[in-house]
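Pasting work_21.cif here (mmCIF, C-alpha atoms and all ligand atoms):
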data_protein
loop_
_atom_site.group_PDB
_atom_site.id
_atom_site.type_symbol
_atom_site.label_atom_id
_atom_site.label_comp_id
_atom_site.auth_asym_id
_atom_site.auth_seq_id
_atom_site.Cartn_x
_atom_site.Cartn_y
_atom_site.Cartn_z
ATOM 1 C CA MET T 520 33.085 -10.940 -19.515
ATOM 2 C CA SER T 521 29.671 -12.155 -18.449
ATOM 3 C CA VAL T 522 27.437 -13.648 -21.085
ATOM 4 C CA HIS T 523 23.750 -13.124 -20.343
ATOM 5 C CA LYS T 524 21.960 -15.926 -22.135
ATOM 6 C CA LYS T 525 18.315 -15.022 -22.679
ATOM 7 C CA ALA T 526 15.864 -17.763 -21.749
ATOM 8 C CA LYS T 527 13.901 -19.258 -24.638
ATOM 9 C CA ARG T 528 10.317 -17.949 -24.720
ATOM 10 C CA VAL T 529 7.464 -20.353 -24.058
ATOM 11 C CA THR T 530 5.123 -20.303 -27.059
ATOM 12 C CA THR T 531 1.707 -21.784 -27.727
ATOM 13 C CA GLN T 532 3.478 -24.526 -29.734
ATOM 14 C CA VAL T 533 5.736 -25.309 -26.748
ATOM 15 C CA LEU T 534 2.596 -25.768 -24.625
ATOM 16 C CA LEU T 535 1.053 -28.138 -27.183
ATOM 17 C CA ASP T 536 4.280 -30.145 -27.231
ATOM 18 C CA MET T 537 4.265 -30.266 -23.426
ATOM 19 C CA LYS T 538 0.763 -31.757 -23.477
ATOM 20 C CA SER T 539 1.753 -34.377 -26.016
ATOM 21 C CA ARG T 540 4.785 -35.324 -23.901
ATOM 22 C CA GLY T 541 2.627 -35.458 -20.768
ATOM 23 C CA GLU T 542 4.614 -32.632 -19.158
ATOM 24 C CA ARG T 543 2.480 -30.539 -16.805
ATOM 25 C CA ILE T 544 2.123 -26.796 -17.419
ATOM 26 C CA SER T 545 2.502 -24.213 -14.629
ATOM 27 C CA MET T 546 0.613 -20.935 -14.741
ATOM 28 C CA LEU T 547 0.280 -18.068 -12.235
ATOM 29 C CA THR T 548 -1.170 -14.583 -12.314
ATOM 30 C CA SER T 549 0.796 -11.355 -12.141
ATOM 31 C CA TYR T 550 -0.444 -7.810 -12.511
ATOM 32 C CA ASP T 551 2.734 -5.784 -12.065
ATOM 33 C CA TYR T 552 6.429 -5.669 -12.974
ATOM 34 C CA SER T 553 7.925 -6.753 -9.616
ATOM 35 C CA MET T 554 5.691 -9.784 -9.130
ATOM 36 C CA ALA T 555 6.067 -10.833 -12.771
ATOM 37 C CA LYS T 556 9.871 -10.669 -12.427
ATOM 38 C CA ILE T 557 9.800 -13.103 -9.471
ATOM 39 C CA VAL T 558 7.342 -15.457 -11.135
ATOM 40 C CA ASP T 559 9.126 -15.415 -14.515
ATOM 41 C CA GLN T 560 12.605 -15.912 -13.029
ATOM 42 C CA ALA T 561 11.325 -18.890 -11.017
ATOM 43 C CA GLY T 562 10.493 -20.541 -14.337
ATOM 44 C CA ILE T 563 6.705 -20.403 -14.656
ATOM 45 C CA ASP T 564 5.417 -21.406 -18.110
ATOM 46 C CA ILE T 565 2.492 -18.993 -18.436
ATOM 47 C CA ILE T 566 1.821 -15.685 -16.692
ATOM 48 C CA LEU T 567 -1.836 -14.727 -16.696
ATOM 49 C CA VAL T 568 -2.634 -11.042 -16.410
ATOM 50 C CA GLY T 569 -6.011 -11.981 -14.996
ATOM 51 C CA ASP T 570 -8.984 -9.705 -14.588
ATOM 52 C CA SER T 571 -8.778 -10.932 -10.979
ATOM 53 C CA ALA T 572 -6.657 -7.755 -10.747
ATOM 54 C CA SER T 573 -10.063 -6.172 -10.225
ATOM 55 C CA ASN T 574 -10.338 -8.024 -6.879
ATOM 56 C CA VAL T 575 -6.694 -8.352 -5.872
ATOM 57 C CA MET T 576 -5.286 -4.994 -7.004
ATOM 58 C CA ALA T 577 -8.306 -2.708 -6.851
ATOM 59 C CA GLY T 578 -10.353 -4.329 -4.059
ATOM 60 C CA HIS T 579 -13.560 -4.725 -6.086
ATOM 61 C CA GLU T 580 -16.002 -7.456 -5.111
ATOM 62 C CA THR T 581 -16.090 -8.899 -8.651
ATOM 63 C CA THR T 582 -14.022 -8.882 -11.845
ATOM 64 C CA LEU T 583 -16.655 -6.852 -13.692
ATOM 65 C CA PRO T 584 -15.471 -3.270 -13.051
ATOM 66 C CA ILE T 585 -11.945 -3.554 -14.486
ATOM 67 C CA THR T 586 -11.585 -1.718 -17.802
ATOM 68 C CA LEU T 587 -9.668 -2.489 -20.982
ATOM 69 C CA ASP T 588 -7.337 0.464 -20.314
ATOM 70 C CA GLN T 589 -6.591 -0.866 -16.823
ATOM 71 C CA MET T 590 -5.904 -4.376 -18.172
ATOM 72 C CA ILE T 591 -3.518 -2.877 -20.738
ATOM 73 C CA TYR T 592 -1.683 -0.974 -17.991
ATOM 74 C CA HIS T 593 -1.259 -4.166 -15.910
ATOM 75 C CA ALA T 594 -0.245 -6.249 -18.937
ATOM 76 C CA ALA T 595 2.352 -3.736 -20.164
ATOM 77 C CA SER T 596 3.973 -3.770 -16.698
ATOM 78 C CA VAL T 597 4.100 -7.585 -16.700
ATOM 79 C CA ILE T 598 5.475 -7.749 -20.234
ATOM 80 C CA ARG T 599 8.437 -5.556 -19.251
ATOM 81 C CA ALA T 600 9.428 -8.235 -16.699
ATOM 82 C CA ALA T 601 8.638 -11.502 -18.491
ATOM 83 C CA GLU T 602 11.641 -12.864 -20.366
ATOM 84 C CA ARG T 603 10.625 -16.500 -20.619
ATOM 85 C CA SER T 604 6.929 -16.950 -19.850
ATOM 86 C CA LEU T 605 4.089 -16.735 -22.316
ATOM 87 C CA VAL T 606 1.960 -13.778 -21.174
ATOM 88 C CA VAL T 607 -1.803 -14.245 -21.549
ATOM 89 C CA VAL T 608 -4.081 -11.266 -20.917
ATOM 90 C CA ASP T 609 -7.752 -11.454 -19.929
ATOM 91 C CA LEU T 610 -10.197 -9.579 -22.121
ATOM 92 C CA PRO T 611 -12.272 -7.805 -19.465
ATOM 93 C CA PHE T 612 -16.042 -7.932 -19.058
ATOM 94 C CA GLY T 613 -17.861 -5.872 -21.688
ATOM 95 C CA SER T 614 -14.962 -5.784 -24.147
ATOM 96 C CA TYR T 615 -15.904 -8.792 -26.289
ATOM 97 C CA GLN T 616 -19.275 -10.389 -25.465
ATOM 98 C CA GLY T 617 -21.958 -10.165 -28.127
ATOM 99 C CA ASN T 618 -19.963 -8.077 -30.589
ATOM 100 C CA SER T 619 -17.184 -9.731 -32.551
ATOM 101 C CA ARG T 620 -15.939 -6.458 -34.077
ATOM 102 C CA GLN T 621 -15.525 -5.021 -30.583
ATOM 103 C CA ALA T 622 -13.814 -8.260 -29.477
ATOM 104 C CA LEU T 623 -11.291 -7.914 -32.284
ATOM 105 C CA ASP T 624 -10.669 -4.220 -31.486
ATOM 106 C CA SER T 625 -10.165 -5.033 -27.789
ATOM 107 C CA ALA T 626 -7.777 -7.904 -28.491
ATOM 108 C CA ILE T 627 -5.800 -5.788 -30.970
ATOM 109 C CA ARG T 628 -5.462 -3.010 -28.372
ATOM 110 C CA ILE T 629 -4.126 -5.537 -25.847
ATOM 111 C CA MET T 630 -1.574 -6.933 -28.304
ATOM 112 C CA LYS T 631 -0.453 -3.530 -29.638
ATOM 113 C CA GLU T 632 -0.479 -1.445 -26.453
ATOM 114 C CA SER T 633 0.735 -4.006 -23.894
ATOM 115 C CA GLY T 634 2.820 -6.387 -25.979
ATOM 116 C CA GLY T 635 0.942 -9.414 -24.550
ATOM 117 C CA HIS T 636 1.275 -12.727 -26.365
ATOM 118 C CA ALA T 637 -2.308 -14.028 -26.215
ATOM 119 C CA VAL T 638 -5.744 -13.217 -24.803
ATOM 120 C CA LYS T 639 -8.160 -15.200 -22.648
ATOM 121 C CA MET T 640 -11.921 -15.075 -23.117
ATOM 122 C CA GLU T 641 -14.630 -16.542 -20.866
ATOM 123 C CA GLY T 642 -17.383 -18.645 -22.433
ATOM 124 C CA GLY T 643 -18.144 -21.272 -25.084
ATOM 125 C CA GLU T 644 -20.729 -21.435 -27.864
ATOM 126 C CA GLU T 645 -22.197 -18.029 -26.960
ATOM 127 C CA ILE T 646 -18.936 -16.218 -27.781
ATOM 128 C CA ALA T 647 -17.837 -18.430 -30.702
ATOM 129 C CA GLU T 648 -18.173 -15.596 -33.233
ATOM 130 C CA SER T 649 -15.994 -13.265 -31.146
ATOM 131 C CA ILE T 650 -13.333 -15.972 -30.654
ATOM 132 C CA THR T 651 -13.256 -16.700 -34.398
ATOM 133 C CA ARG T 652 -12.842 -13.024 -35.245
ATOM 134 C CA VAL T 653 -9.985 -12.543 -32.751
ATOM 135 C CA LEU T 654 -8.266 -15.690 -34.043
ATOM 136 C CA SER T 655 -8.630 -14.439 -37.618
ATOM 137 C CA ALA T 656 -6.213 -11.604 -36.776
ATOM 138 C CA GLY T 657 -3.571 -14.118 -35.708
ATOM 139 C CA ILE T 658 -4.127 -13.498 -32.004
ATOM 140 C CA PRO T 659 -3.880 -16.702 -29.907
ATOM 141 C CA VAL T 660 -6.915 -17.288 -27.704
ATOM 142 C CA MET T 661 -7.132 -19.236 -24.449
ATOM 143 C CA GLY T 662 -10.681 -20.294 -23.542
ATOM 144 C CA HIS T 663 -12.156 -20.342 -20.033
ATOM 145 C CA LEU T 664 -15.084 -22.584 -19.014
ATOM 146 C CA GLY T 665 -16.771 -23.699 -15.799
ATOM 147 C CA LEU T 666 -16.968 -21.030 -13.125
ATOM 148 C CA THR T 667 -16.446 -17.972 -15.289
ATOM 149 C CA PRO T 668 -16.313 -15.063 -12.823
ATOM 150 C CA GLN T 669 -17.512 -12.481 -15.363
ATOM 151 C CA SER T 670 -20.895 -14.293 -15.223
ATOM 152 C CA ILE T 671 -21.126 -14.248 -11.438
ATOM 153 C CA TYR T 672 -24.428 -12.372 -11.458
ATOM 154 C CA LYS T 673 -25.908 -15.082 -13.687
ATOM 155 C CA PHE T 674 -24.625 -17.859 -11.366
ATOM 156 C CA GLY T 675 -25.414 -15.935 -8.167
ATOM 157 C CA THR T 676 -22.742 -17.893 -6.261
ATOM 158 C CA TYR T 677 -19.126 -19.088 -6.515
ATOM 159 C CA VAL T 678 -20.010 -22.792 -5.921
ATOM 160 C CA VAL T 679 -18.678 -25.635 -8.095
ATOM 161 C CA ARG T 680 -20.158 -25.531 -11.621
ATOM 162 C CA ALA T 681 -21.239 -28.291 -14.023
ATOM 163 C CA LYS T 682 -22.226 -30.800 -11.342
ATOM 164 C CA GLU T 683 -25.554 -31.327 -13.084
ATOM 165 C CA GLY T 684 -25.923 -33.352 -16.295
ATOM 166 C CA GLU T 685 -27.008 -30.588 -18.665
ATOM 167 C CA GLU T 686 -24.347 -28.081 -17.616
ATOM 168 C CA ALA T 687 -21.651 -30.791 -17.719
ATOM 169 C CA GLU T 688 -22.745 -31.883 -21.208
ATOM 170 C CA GLN T 689 -22.662 -28.276 -22.440
ATOM 171 C CA LEU T 690 -19.187 -27.781 -20.958
ATOM 172 C CA LYS T 691 -17.866 -30.868 -22.765
ATOM 173 C CA LYS T 692 -19.369 -29.624 -26.051
ATOM 174 C CA ASP T 693 -17.926 -26.145 -25.472
ATOM 175 C CA ALA T 694 -14.420 -27.531 -24.870
ATOM 176 C CA ILE T 695 -14.525 -29.447 -28.157
ATOM 177 C CA LEU T 696 -15.868 -26.355 -29.924
ATOM 178 C CA LEU T 697 -13.069 -24.161 -28.508
ATOM 179 C CA GLU T 698 -10.471 -26.581 -29.842
ATOM 180 C CA LYS T 699 -12.235 -26.681 -33.229
ATOM 181 C CA LEU T 700 -12.344 -22.881 -33.427
ATOM 182 C CA GLY T 701 -8.573 -22.784 -32.885
ATOM 183 C CA CYS T 702 -8.041 -21.893 -29.203
ATOM 184 C CA PHE T 703 -4.568 -22.966 -28.051
ATOM 185 C CA SER T 704 -5.613 -23.870 -24.509
ATOM 186 C CA ILE T 705 -8.574 -23.889 -22.117
ATOM 187 C CA VAL T 706 -8.837 -22.939 -18.435
ATOM 188 C CA LEU T 707 -11.372 -24.994 -16.479
ATOM 189 C CA GLU T 708 -12.387 -23.342 -13.228
ATOM 190 C CA LYS T 709 -14.065 -24.990 -10.230
ATOM 191 C CA ILE T 710 -15.684 -28.054 -11.770
ATOM 192 C CA PRO T 711 -15.682 -31.715 -10.636
ATOM 193 C CA ALA T 712 -12.290 -33.399 -11.094
ATOM 194 C CA ASN T 713 -13.718 -36.328 -13.085
ATOM 195 C CA LEU T 714 -15.388 -33.989 -15.580
ATOM 196 C CA ALA T 715 -12.169 -31.969 -15.983
ATOM 197 C CA ALA T 716 -10.186 -35.189 -16.559
ATOM 198 C CA GLU T 717 -12.668 -36.286 -19.223
ATOM 199 C CA VAL T 718 -12.418 -32.915 -20.981
ATOM 200 C CA ALA T 719 -8.583 -32.959 -20.872
ATOM 201 C CA LYS T 720 -8.636 -36.380 -22.549
ATOM 202 C CA SER T 721 -11.152 -35.308 -25.178
ATOM 203 C CA VAL T 722 -9.108 -32.424 -26.617
ATOM 204 C CA SER T 723 -5.534 -32.213 -27.875
ATOM 205 C CA ILE T 724 -4.967 -28.650 -26.608
ATOM 206 C CA PRO T 725 -3.722 -28.156 -23.020
ATOM 207 C CA VAL T 726 -6.382 -27.903 -20.317
ATOM 208 C CA ILE T 727 -5.298 -25.829 -17.322
ATOM 209 C CA GLY T 728 -7.273 -26.310 -14.129
ATOM 210 C CA ILE T 729 -8.076 -24.182 -11.103
ATOM 211 C CA GLY T 730 -10.199 -26.141 -8.679
ATOM 212 C CA ALA T 731 -10.549 -28.822 -11.363
ATOM 213 C CA GLY T 732 -8.490 -31.644 -9.835
ATOM 214 C CA GLY T 733 -5.142 -33.113 -10.815
ATOM 215 C CA ASP T 734 -5.947 -35.026 -13.999
ATOM 216 C CA VAL T 735 -5.592 -32.069 -16.348
ATOM 217 C CA ASP T 736 -2.578 -30.742 -18.263
ATOM 218 C CA GLY T 737 -1.597 -27.930 -15.931
ATOM 219 C CA GLN T 738 -2.584 -25.770 -12.986
ATOM 220 C CA VAL T 739 -3.175 -22.062 -12.441
ATOM 221 C CA LEU T 740 -3.494 -20.075 -9.218
ATOM 222 C CA VAL T 741 -3.647 -16.404 -8.346
ATOM 223 C CA ALA T 742 -0.085 -15.622 -7.197
ATOM 224 C CA HIS T 743 -1.256 -13.429 -4.299
ATOM 225 C CA ASP T 744 -3.252 -16.410 -2.961
ATOM 226 C CA LEU T 745 -0.308 -18.828 -3.336
ATOM 227 C CA PHE T 746 1.999 -16.381 -1.504
ATOM 228 C CA GLY T 747 -0.520 -15.872 1.298
ATOM 229 C CA ILE T 748 -0.751 -12.139 0.620
ATOM 230 C CA THR T 749 -4.532 -12.324 0.299
ATOM 231 C CA GLN T 750 -6.119 -13.642 3.476
ATOM 232 C CA GLU T 751 -9.885 -13.564 3.090
ATOM 233 C CA PHE T 752 -9.963 -16.054 0.201
ATOM 234 C CA SER T 753 -9.652 -19.715 1.269
ATOM 235 C CA PRO T 754 -11.308 -22.079 -1.200
ATOM 236 C CA ARG T 755 -10.584 -25.805 -0.898
ATOM 237 C CA PHE T 756 -8.501 -25.805 -4.099
ATOM 238 C CA LEU T 757 -6.016 -23.229 -2.823
ATOM 239 C CA ARG T 758 -2.641 -24.379 -1.520
ATOM 240 C CA ARG T 759 -0.715 -21.569 0.186
ATOM 241 C CA TYR T 760 3.030 -21.896 -0.323
ATOM 242 C CA ALA T 761 3.981 -18.986 1.929
ATOM 243 C CA ASP T 762 2.534 -16.707 4.573
ATOM 244 C CA LEU T 763 3.781 -13.407 3.223
ATOM 245 C CA SER T 764 0.954 -11.491 4.793
ATOM 246 C CA SER T 765 2.249 -12.129 8.333
ATOM 247 C CA ILE T 766 5.904 -11.700 7.268
ATOM 248 C CA MET T 767 5.010 -8.310 5.763
ATOM 249 C CA ASN T 768 2.919 -7.364 8.779
ATOM 250 C CA ASP T 769 5.855 -8.144 11.118
ATOM 251 C CA ALA T 770 8.220 -6.145 8.902
ATOM 252 C CA VAL T 771 5.950 -3.099 8.948
ATOM 253 C CA LYS T 772 5.571 -3.354 12.754
ATOM 254 C CA GLN T 773 9.364 -3.568 13.168
ATOM 255 C CA TYR T 774 9.822 -0.558 10.866
ATOM 256 C CA ILE T 775 7.318 1.477 12.879
ATOM 257 C CA THR T 776 9.129 0.539 16.101
ATOM 258 C CA ASP T 777 12.527 1.509 14.621
ATOM 259 C CA VAL T 778 11.239 4.836 13.289
ATOM 260 C CA LYS T 779 9.592 5.725 16.609
ATOM 261 C CA SER T 780 12.673 4.755 18.633
ATOM 262 C CA GLY T 781 15.069 6.592 16.318
ATOM 263 C CA ASP T 782 16.909 3.333 15.520
ATOM 264 C CA PHE T 783 16.204 3.823 11.807
ATOM 265 C CA PRO T 784 18.102 5.216 10.006
ATOM 266 C CA ASN T 785 21.457 4.580 11.676
ATOM 267 C CA GLU T 786 24.802 6.083 10.648
ATOM 268 C CA GLU T 787 25.473 3.499 7.925
ATOM 269 C CA GLU T 788 22.071 4.216 6.455
ATOM 270 C CA SER T 789 22.744 7.959 6.332
ATOM 271 C CA TYR T 790 24.861 10.149 3.982
HETATM 272 O O1 LIG F 1 -8.487 -13.692 -13.632
HETATM 273 C C1 LIG F 1 -7.936 -14.730 -13.212
HETATM 274 O O2 LIG F 1 -7.076 -14.703 -12.317
HETATM 275 C C2 LIG F 1 -8.324 -15.997 -13.803
HETATM 276 C C3 LIG F 1 -7.788 -17.248 -13.179
HETATM 277 C C4 LIG F 1 -8.479 -17.510 -11.900
HETATM 278 C C5 LIG F 1 -7.868 -18.407 -14.096
HETATM 279 O O3 LIG F 1 -9.041 -16.024 -14.749
#
What would the structure in this file look like if it were written as structure tokens?
Amino acid sequence: MSVHKKAKRVTTQVLLDMKSRGERISMLTSYDYSMAKIVDQAGIDIILVGDSASNVMAGHETTLPITLDQMIYHAASVIRAAERSLVVVDLPFGSYQGNSRQALDSAIRIMKESGGHAVKMEGGEEIAESITRVLSAGIPVMGHLGLTPQSIYKFGTYVVRAKEGEEAEQLKKDAILLEKLGCFSIVLEKIPANLAAEVAKSVSIPVIGIGAGGDVDGQVLVAHDLFGITQEFSPRFLRRYADLSSIMNDAVKQYITDVKSGDFPNEEESY
């Protein structure tokens, strides 16, 4: 008899405990069942169903076009695979900014229709009311500061944010505010490492960095970038752990050759 012992789920409390123990948190994106299965079984702590699906899955130039329905579809697929990881789902552009009632409705749809465990929202002070309203329904919120891609048309460029005094000061204030509001964690994207380290020290909730240096509580990457499936995107902060794009390209070429030559399928592969 085989006993399948289910892995214990990572919770927001587990993440807080990890920060207090000084144990680093690992986080990766997934947008579909098969990828989430690999990432979850490898032991990742958090799976982010990022709105980067807009770029990676749909080929859009920005994260702005992805809809709430599309995010729910991606998140539901990931949830069916994730046995251990905490699954955080991005609230997409236009589903929460400037209208806290709409923010609550969007977050409730994500939780009910996908089964996700938490939502992520980009911004600080300017979305405080929306964050508070979502939290009031018992929905855990992860904040996201620094280079927030949903504001790309405000920034005009994907360069490092908060290098200047005023923007850095605002970011520090926003991080403290997010903790005060009740967020369980904050993503800091593409900001100077020393600023990120200062923020991580100033709050007791875990700070997860992407392009924010090593002195934070955890790291997040887009899984397709880490696997080397995406090729065009090569920022300095990205470490590629595999070159799946060329492995897959070779496999497809070999398949084409075998089909054309009649080598595939052979007798053992036929009924
Ligand atoms: O959408 C996403 O993948 C993200 C990460 C880059 C943090 O927000």
*Using all atoms listed in the file, determine which residues fall within 6 Å of ligand LIG 1 (chain F), then list them as a ChimeraX atom specification.*
/T:548,569-571,741
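Residues lying within 7 Å of Val608 of chain T, counting all atoms listed in the file and ignoring same-chain neighbours fewer than 4 positions away, are Leu567, Val568, Gly569, Ala594, Gly635, Ala637, Val638 and Lys639 of chain T.
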*Would you write out, as a ChimeraX atom specification, every residue that the PyMOL selection byres (((chain T and resi 694-711) around 7) and not hetatm) captures in this file?*
/T:531,643,651,659-666,679-682,690-693,712-715,718,722,724-731
_Two-atom distance - atom CA of Ser753 of chain T, atom CA of Asp734 of chain T (Å)_ =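 Separation of atom CA of Ser753 of chain T and atom CA of Asp734 of chain T: 21.9 Å.
This file, queried with the PyMOL selection byres (((chain T and resi 621) around 12) and not hetatm), gives the residues Leu587, Leu610, Pro611, Phe612, Gly613, Ser614, Tyr615, Gln616, Gly617, Asn618, Ser619, Arg620, Ala622, Leu623, Asp624, Ser625, Ala626, Ile627, Arg628, Glu648, Ser649, Ile650, Arg652 and Val653 of chain T.
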Starting from 5 Å padding per side, set up an axis-aligned box that covers all listed atoms of segment 721-727 of chain T and hand over centre and edge lengths in Å, one decimal, as AutoDock Vina command-line options.
--center_x -7.4 --center_y -30.6 --center_z -22.6 --size_x 17.4 --size_y 19.5 --size_z 20.6
_For a quick check of understanding, using all atoms listed in the file, which of T:Ser764, T:Asn574, T:Ser723, T:Ser633 has the smallest distance to Gln669 of chain T?_
T:Asn574
_My list of candidates is T:Ser539, T:Ser545, T:Thr530, T:Ser596. Which is closest to Val739 of chain T when distances are computed with all atoms listed in the file?_
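Looking only at the distances to Val739 of chain T, the closest residue turns out to be T:Ser545.
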Using the chain letters and residue numbers of this document, give as a PDB file with C-alpha atoms, in the coordinates of the input the residues selected by the PyMOL selection byres (((chain T and resi 557) around 12) and not hetatm).
ATOM      1  CA  LEU T 547       0.280 -18.068 -12.235  1.00  0.00           C
ATOM      2  CA  THR T 548      -1.170 -14.583 -12.314  1.00  0.00           C
ATOM      3  CA  SER T 549       0.796 -11.355 -12.141  1.00  0.00           C
ATOM      4  CA  TYR T 550      -0.444  -7.810 -12.511  1.00  0.00           C
ATOM      5  CA  ASP T 551       2.734  -5.784 -12.065  1.00  0.00           C
ATOM      6  CA  TYR T 552       6.429  -5.669 -12.974  1.00  0.00           C
ATOM      7  CA  SER T 553       7.925  -6.753  -9.616  1.00  0.00           C
ATOM      8  CA  MET T 554       5.691  -9.784  -9.130  1.00  0.00           C
ATOM      9  CA  ALA T 555       6.067 -10.833 -12.771  1.00  0.00           C
ATOM     10  CA  LYS T 556       9.871 -10.669 -12.427  1.00  0.00           C
ATOM     11  CA  VAL T 558       7.342 -15.457 -11.135  1.00  0.00           C
ATOM     12  CA  ASP T 559       9.126 -15.415 -14.515  1.00  0.00           C
ATOM     13  CA  GLN T 560      12.605 -15.912 -13.029  1.00  0.00           C
ATOM     14  CA  ALA T 561      11.325 -18.890 -11.017  1.00  0.00           C
ATOM     15  CA  GLY T 562      10.493 -20.541 -14.337  1.00  0.00           C
ATOM     16  CA  ILE T 563       6.705 -20.403 -14.656  1.00  0.00           C
ATOM     17  CA  ILE T 566       1.821 -15.685 -16.692  1.00  0.00           C
ATOM     18  CA  VAL T 597       4.100  -7.585 -16.700  1.00  0.00           C
ATOM     19  CA  ALA T 600       9.428  -8.235 -16.699  1.00  0.00           C
ATOM     20  CA  ALA T 601       8.638 -11.502 -18.491  1.00  0.00           C
ATOM     21  CA  GLU T 602      11.641 -12.864 -20.366  1.00  0.00           C
ATOM     22  CA  ARG T 603      10.625 -16.500 -20.619  1.00  0.00           C
ATOM     23  CA  SER T 604       6.929 -16.950 -19.850  1.00  0.00           C
ATOM     24  CA  ALA T 742      -0.085 -15.622  -7.197  1.00  0.00           C
ATOM     25  CA  PHE T 746       1.999 -16.381  -1.504  1.00  0.00           C
TER      26      PHE T 746
END
*asked:* Using only C-alpha atoms, list the residues that have an atom at most 9 Å from (1.0, -21.1, 1.4), coordinates as in the file, as a ChimeraX atom specification.
replied: /T:744-747,757-763
_Length of the atom CA of Gly634 of chain T to atom CA of Ile598 of chain T vector [Å]_ =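 Result for atom CA of Gly634 of chain T versus atom CA of Ile598 of chain T: 6.5 Å, one decimal.
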*Pick out the closest residue to Tyr677 of chain T from this set: T:Phe752, T:Asn768, T:Thr776, T:Ile591. Count all atoms listed in the file.*
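That would be T:Phe752, the residue with the smallest distance to Tyr677 of chain T.
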*In Å to one decimal, how far is atom CA of Ile585 of chain T from atom CA of Ser670 of chain T?*
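These two atoms are separated by 14.0 Å.
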Output segment 577-582 of chain T as a CSV table (one decimal), keeping the file's coordinate frame, making sure all heavy atoms are there.
chain,number,residue,atom,x,y,z
T,577,ALA,N,-7.4,-3.9,-7.0
T,577,ALA,CA,-8.3,-2.7,-6.9
T,577,ALA,C,-9.3,-2.9,-5.7
T,577,ALA,O,-10.0,-1.9,-5.3
T,577,ALA,CB,-9.0,-2.4,-8.1
T,578,GLY,N,-9.4,-4.1,-5.2
T,578,GLY,CA,-10.4,-4.3,-4.1
T,578,GLY,C,-11.8,-4.4,-4.4
T,578,GLY,O,-12.7,-4.3,-3.6
T,579,HIS,N,-12.1,-4.6,-5.7
T,579,HIS,CA,-13.6,-4.7,-6.1
T,579,HIS,C,-14.1,-6.1,-5.7
T,579,HIS,O,-13.3,-7.1,-5.6
T,579,HIS,CB,-13.7,-4.6,-7.6
T,579,HIS,CG,-13.5,-3.2,-8.1
T,579,HIS,ND1,-14.2,-2.1,-7.8
T,579,HIS,CD2,-12.6,-2.8,-9.0
T,579,HIS,CE1,-13.8,-1.1,-8.4
T,579,HIS,NE2,-12.8,-1.4,-9.1
T,580,GLU,N,-15.4,-6.2,-5.5
T,580,GLU,CA,-16.0,-7.5,-5.1
T,580,GLU,C,-16.0,-8.5,-6.3
T,580,GLU,O,-15.9,-9.7,-6.0
T,580,GLU,CB,-17.4,-7.2,-4.7
T,580,GLU,CG,-18.0,-8.1,-3.7
T,580,GLU,CD,-19.4,-7.8,-3.4
T,580,GLU,OE1,-19.6,-6.6,-2.9
T,580,GLU,OE2,-20.3,-8.6,-3.5
T,581,THR,N,-16.1,-8.0,-7.5
T,581,THR,CA,-16.1,-8.9,-8.7
T,581,THR,C,-15.1,-8.4,-9.7
T,581,THR,O,-14.4,-7.4,-9.5
T,581,THR,CB,-17.5,-8.9,-9.3
T,581,THR,OG1,-17.6,-7.6,-10.0
T,581,THR,CG2,-18.6,-9.1,-8.4
T,582,THR,N,-15.0,-9.2,-10.8
T,582,THR,CA,-14.0,-8.9,-11.8
T,582,THR,C,-14.7,-7.9,-12.8
T,582,THR,O,-14.0,-7.5,-13.8
T,582,THR,CB,-13.6,-10.1,-12.6
T,582,THR,OG1,-14.7,-10.8,-13.1
T,582,THR,CG2,-12.8,-11.1,-11.7
